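For reference, work-v1.txt (compact mmCIF, C-alpha atoms):
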```txt
# COMPACT_ATOMS: atom_id res chain seq x y z
CA MET F 3 -2.54 -13.36 13.76
CA ALA F 4 -1.93 -15.52 16.81
CA GLY F 5 -0.61 -12.90 19.24
CA THR F 6 -1.82 -9.49 20.26
CA THR F 7 1.57 -7.81 20.45
CA SER F 8 1.28 -4.06 20.29
CA SER F 9 4.90 -3.08 20.86
CA PRO F 10 6.00 -0.01 18.90
CA GLU F 11 8.43 -2.13 16.88
CA ALA F 12 5.72 -4.59 15.87
CA VAL F 13 3.34 -1.80 14.90
CA LYS F 14 6.03 -0.06 12.85
CA LYS F 15 6.89 -3.29 11.03
CA LEU F 16 3.22 -3.99 10.33
CA LEU F 17 2.69 -0.50 8.91
CA GLU F 18 5.81 -0.76 6.74
CA ASN F 19 4.63 -4.12 5.38
CA MET F 20 1.16 -2.77 4.67
CA GLN F 21 2.56 0.29 2.90
CA GLY F 22 4.75 -1.93 0.74
CA ASP F 23 1.78 -4.13 -0.14
CA LEU F 24 -0.35 -1.12 -1.03
CA ARG F 25 2.39 0.32 -3.23
CA GLY F 26 2.69 -3.01 -5.02
CA LEU F 27 -1.06 -3.24 -5.56
CA SER F 28 -1.17 0.33 -6.80
CA LEU F 29 1.62 -0.28 -9.29
CA GLU F 30 0.03 -3.50 -10.52
CA CYS F 31 -3.36 -1.83 -10.91
CA ARG F 32 -1.88 1.08 -12.88
CA LYS F 33 -0.14 -1.36 -15.24
CA LYS F 34 -3.25 -3.46 -15.84
CA PHE F 35 -5.77 -0.61 -16.03
CA PRO F 36 -4.42 2.49 -17.83
CA PRO F 37 -7.52 4.63 -17.01
CA VAL F 38 -6.75 4.15 -13.32
CA LYS F 39 -3.22 5.40 -13.94
CA GLU F 40 -4.55 8.56 -15.60
CA VAL F 41 -6.96 9.28 -12.75
CA SER F 42 -4.40 8.56 -10.04
CA GLU F 43 -1.85 10.87 -11.64
CA GLY F 44 -4.47 13.59 -12.02
CA GLU F 45 -5.36 13.37 -8.34
CA ALA F 46 -1.72 13.82 -7.32
CA ASP F 47 -1.61 17.31 -8.80
```
Rewrite the coordinates I just gave you, this time as structure tokens.
Amino acid sequence: MAGTTSSPEAVKKLLENMQGDLRGLSLECRKKFPPVKEVSEGEAD
């Protein structure tokens, strides 16, 4: 990261990107490792 911009728009975009990445990783992990899927679904209850 070259700049230290902390405008609300930049922070919001960063958080949205990070959430999307985490969702993608979570989905990929659940597909590759079924036991993780079972545990993650159990925790949601």
Can you sort out the box for stretch 33-42 of chain F, edges along x, y and z, all listed atoms in, 4 Å on every side, with centre and edge lengths in Å to one decimal, as AutoDock Vina command-line options?
```
--center_x -3.8 --center_y 2.9 --center_z -13.9 --size_x 15.4 --size_y 20.7 --size_z 15.8
```
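We find atom CA of F:Cys31 and atom CA of F:Glu43 to be spaced 12.8 Å apart.
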Interatomic distance between atom CA of F:Glu40 and atom CA of F:Gly26? 17.3 Å
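A straight line drawn from atom CA of F:Pro36 to atom CA of F:Gln21 is 22.0 Å long.
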